[in-house]
Amino acid sequence: MKKQLLSFRDFLKTGSLGPIRPDMTMAEIVEVLGTPEHADPDYWTFGKLEISFDIEPPHQMNWFQIEEAGYLKGQSETLTDCFALSLDGLSGKTKPSEFLGAGLWLPDQAKVFYATSGHDIGMNICAGLIQIHFHVATDFIGDQDTEAYLGASSTSQSMREIDSRAVLDSIYSYPSPKTEEVPGAFNWKLLSGSQYLALASGR
């Protein structure tokens, strides 16, 4: 069966992945995607696509995500039995500054949250219905405490170092805009998309 080709850029702009919208119910997802590969009562998987539903009828979607988005590569990537994703020049290696500079959103429509996450650094780009999650390993700071590193470095220096090392993790789409901090972190910091781009480029 020939897969329908969907646009990665359109997904990042709108939060909809072709016919898959984050406001759909479980029954509506069955009509589009058929039977899931794995189905818990409130969590379904279809290849690289994972969907969380409300446990109560009509089982409204909480969110869907492209899991392990850091492995996306080439011109297109298979997502499910039905759909492939045209990467439109983007990939799992795309850095936060490259997403922010790709013309997907208005400069200050996107917000960047970052915080220490365990011994490392977590970062989210929140834009409209989309959240893009990154992980930054902090081997480059040696034995220095991660929180101390963020406090001691200039924001411009730390953003340049973080941006070059950020690894794409997963991409979520929500039924309504989410502008929330890095999950599990309490010391989060916030930058607008334009602020982040200026800092990461050293301006």
# chains A, B, ... in the order shown; residues from 1 in each chain; ligands from 1
>>> residues_around(residues="region 164-172 of chain A", least_positions_apart="3", cutoff="7 Å", atoms="only C-alpha atoms", output="list in words")
Trp63, Phe64, Gln65, Ile66, Glu67, Glu68, Ala69, Gly70, Gly92, Lys93, Lys95, Ile130, Gln131, Ile132, His133, Phe134, His135, Val136, Arg160 and Glu161 of chain A
>>> residues_around(residues="Ser16 (chain A)", least_positions_apart="2", cutoff="12 Å", atoms="only C-alpha atoms", output="list of chain:residue names")
A:Leu6, A:Ser7, A:Phe8, A:Arg9, A:Asp10, A:Phe11, A:Leu12, A:Lys13, A:Thr14, A:Gly18, A:Pro19, A:Ile20, A:Arg21, A:Pro22, A:Asp23, A:Met24, A:Trp63, A:Phe64, A:Gln65, A:Ile66, A:Gly128, A:Leu129, A:Ile130, A:Ile171, A:Tyr172, A:Ser173, A:Tyr174, A:Pro175, A:Ser176
>>> write_last_selection(atoms="C-alpha atoms", output="CSV table (one decimal), in the first residue's frame")
chain,number,residue,atom,x,y,z
A,6,LEU,CA,2.8,14.4,4.9
A,7,SER,CA,4.8,17.6,5.4
A,8,PHE,CA,7.0,18.0,8.5
A,9,ARG,CA,7.0,21.8,8.1
A,10,ASP,CA,3.1,21.9,8.0
A,11,PHE,CA,3.0,19.7,11.1
A,12,LEU,CA,5.3,22.1,13.0
A,13,LYS,CA,3.3,25.1,11.9
A,14,THR,CA,-0.2,23.8,12.6
A,18,GLY,CA,-2.2,15.5,7.7
A,19,PRO,CA,-5.6,14.2,8.8
A,20,ILE,CA,-4.4,13.6,12.4
A,21,ARG,CA,-5.4,16.5,14.7
A,22,PRO,CA,-4.7,16.8,18.5
A,23,ASP,CA,-8.4,17.3,19.2
A,24,MET,CA,-9.6,14.0,17.9
A,63,TRP,CA,-1.7,14.8,22.9
A,64,PHE,CA,0.1,12.9,20.2
A,65,GLN,CA,3.9,12.7,19.6
A,66,ILE,CA,6.5,11.7,17.2
A,128,GLY,CA,1.3,27.2,19.1
A,129,LEU,CA,0.1,23.6,19.6
A,130,ILE,CA,3.7,22.2,19.3
A,171,ILE,CA,7.8,16.4,19.3
A,172,TYR,CA,4.3,16.8,20.9
A,173,SER,CA,1.1,18.3,19.6
A,174,TYR,CA,-1.6,19.4,22.1
A,175,PRO,CA,-5.2,20.3,21.6
A,176,SER,CA,-4.5,23.8,23.0
>>> residues_around(residues="Leu199 (chain A)", least_positions_apart="4", cutoff="8 Å", atoms="only C-alpha atoms", output="PDB file with C-alpha atoms, in the first residue's frame")
ATOM      1  CA  THR A 155      23.305  33.685  28.855  1.00  0.00           C
ATOM      2  CA  SER A 156      24.859  34.229  25.435  1.00  0.00           C
ATOM      3  CA  GLN A 157      27.742  31.846  26.166  1.00  0.00           C
ATOM      4  CA  MET A 159      22.968  29.368  24.795  1.00  0.00           C
ATOM      5  CA  ARG A 160      25.701  29.019  22.169  1.00  0.00           C
ATOM      6  CA  GLN A 195      15.946  36.352  22.203  1.00  0.00           C
ATOM      7  CA  ARG A 203      24.497  38.947  18.931  1.00  0.00           C
TER       8      ARG A 203
END
>>> residues_around(residues="Gly193 (chain A)", least_positions_apart="6", cutoff="7 Å", atoms="only C-alpha atoms", output="JSON list (two decimals) with C-alpha atoms, in the first residue's frame")
[["chain", "number", "residue", "atom", "x", "y", "z"],
["A", 100, "LEU", "CA", 13.49, 28.84, 15.27],
["A", 107, "PRO", "CA", 9.68, 35.37, 15.92],
["A", 108, "ASP", "CA", 8.02, 35.75, 19.31],
["A", 110, "ALA", "CA", 7.85, 30.59, 19.99],
["A", 111, "LYS", "CA", 9.02, 30.38, 23.59],
["A", 112, "VAL", "CA", 12.12, 28.51, 24.75]]
>>> select_by_dssp(residues="chain A", states="helix (DSSP H, G or I)", output="count of residues only")
52
>>> residues_around(residues="region 142-151 of chain A", least_positions_apart="6", cutoff="8 Å", atoms="only C-alpha atoms", output="NGL selection string")
:A and (116 or 119-121 or 158)
>>> residues_around(residues="His38 (chain A)", least_positions_apart="5", cutoff="10 Å", atoms="only C-alpha atoms", output="list in words")
Tyr43, Trp44, Thr45, Phe46, Gly47 and Glu50 of chain A
>>> write_last_selection(atoms="N, CA, C and O atoms", output="PDB file, in the first residue's frame")
ATOM      1  N   TYR A  43      -3.439   4.714  25.913  1.00  0.00           N
ATOM      2  CA  TYR A  43      -2.180   5.036  25.223  1.00  0.00           C
ATOM      3  C   TYR A  43      -1.985   4.078  24.057  1.00  0.00           C
ATOM      4  O   TYR A  43      -1.900   2.867  24.250  1.00  0.00           O
ATOM      5  N   TRP A  44      -1.942   4.623  22.840  1.00  0.00           N
ATOM      6  CA  TRP A  44      -1.809   3.804  21.644  1.00  0.00           C
ATOM      7  C   TRP A  44      -0.533   4.166  20.897  1.00  0.00           C
ATOM      8  O   TRP A  44      -0.083   5.314  20.925  1.00  0.00           O
ATOM      9  N   THR A  45       0.020   3.190  20.196  1.00  0.00           N
ATOM     10  CA  THR A  45       1.191   3.450  19.353  1.00  0.00           C
ATOM     11  C   THR A  45       0.932   2.941  17.936  1.00  0.00           C
ATOM     12  O   THR A  45       0.350   1.873  17.726  1.00  0.00           O
ATOM     13  N   PHE A  46       1.378   3.739  16.982  1.00  0.00           N
ATOM     14  CA  PHE A  46       1.348   3.394  15.554  1.00  0.00           C
ATOM     15  C   PHE A  46       2.729   3.737  15.002  1.00  0.00           C
ATOM     16  O   PHE A  46       2.981   4.882  14.634  1.00  0.00           O
ATOM     17  N   GLY A  47       3.634   2.790  14.957  1.00  0.00           N
ATOM     18  CA  GLY A  47       4.981   3.087  14.495  1.00  0.00           C
ATOM     19  C   GLY A  47       5.625   4.145  15.374  1.00  0.00           C
ATOM     20  O   GLY A  47       5.663   4.029  16.594  1.00  0.00           O
ATOM     21  N   GLU A  50       2.765   8.119  18.706  1.00  0.00           N
ATOM     22  CA  GLU A  50       2.200   7.673  19.981  1.00  0.00           C
ATOM     23  C   GLU A  50       1.134   8.667  20.421  1.00  0.00           C
ATOM     24  O   GLU A  50       1.319   9.880  20.273  1.00  0.00           O
TER      25      GLU A  50
END
>>> atom_distance(atom1="CA of Asn62 (chain A)", atom2="CA of Met26 (chain A)")
10.5 Å
>>> atom_distance(atom1="CA of Gly89 (chain A)", atom2="CA of Leu104 (chain A)")
12.5 Å
>>> residues_around(residues="Asp40 (chain A)", least_positions_apart="6", cutoff="12 Å", atoms="only C-alpha atoms", output="VMD selection string")
chain A and resid 26 50 to 55
>>> closest_residue(among="A:Leu197, A:Met61, A:Ala39, A:Ile125", to="Thr25 (chain A)", atoms="only C-alpha atoms")
A:Met61
>>> closest_residue(among="A:Glu28, A:Ser194, A:Ser117, A:Leu72", to="Thr138 (chain A)", atoms="only C-alpha atoms")
A:Ser117
>>> closest_residue(among="A:Pro41, A:Gly15, A:Tyr114, A:Phe186", to="Ala127 (chain A)", atoms="only C-alpha atoms")
A:Gly15
>>> atom_distance(atom1="CA of Leu190 (chain A)", atom2="CA of Tyr71 (chain A)")
27.0 Å
>>> closest_residue(among="A:Leu5, A:Ser192, A:Val32, A:Lys48", to="Ala84 (chain A)", atoms="only C-alpha atoms")
A:Leu5
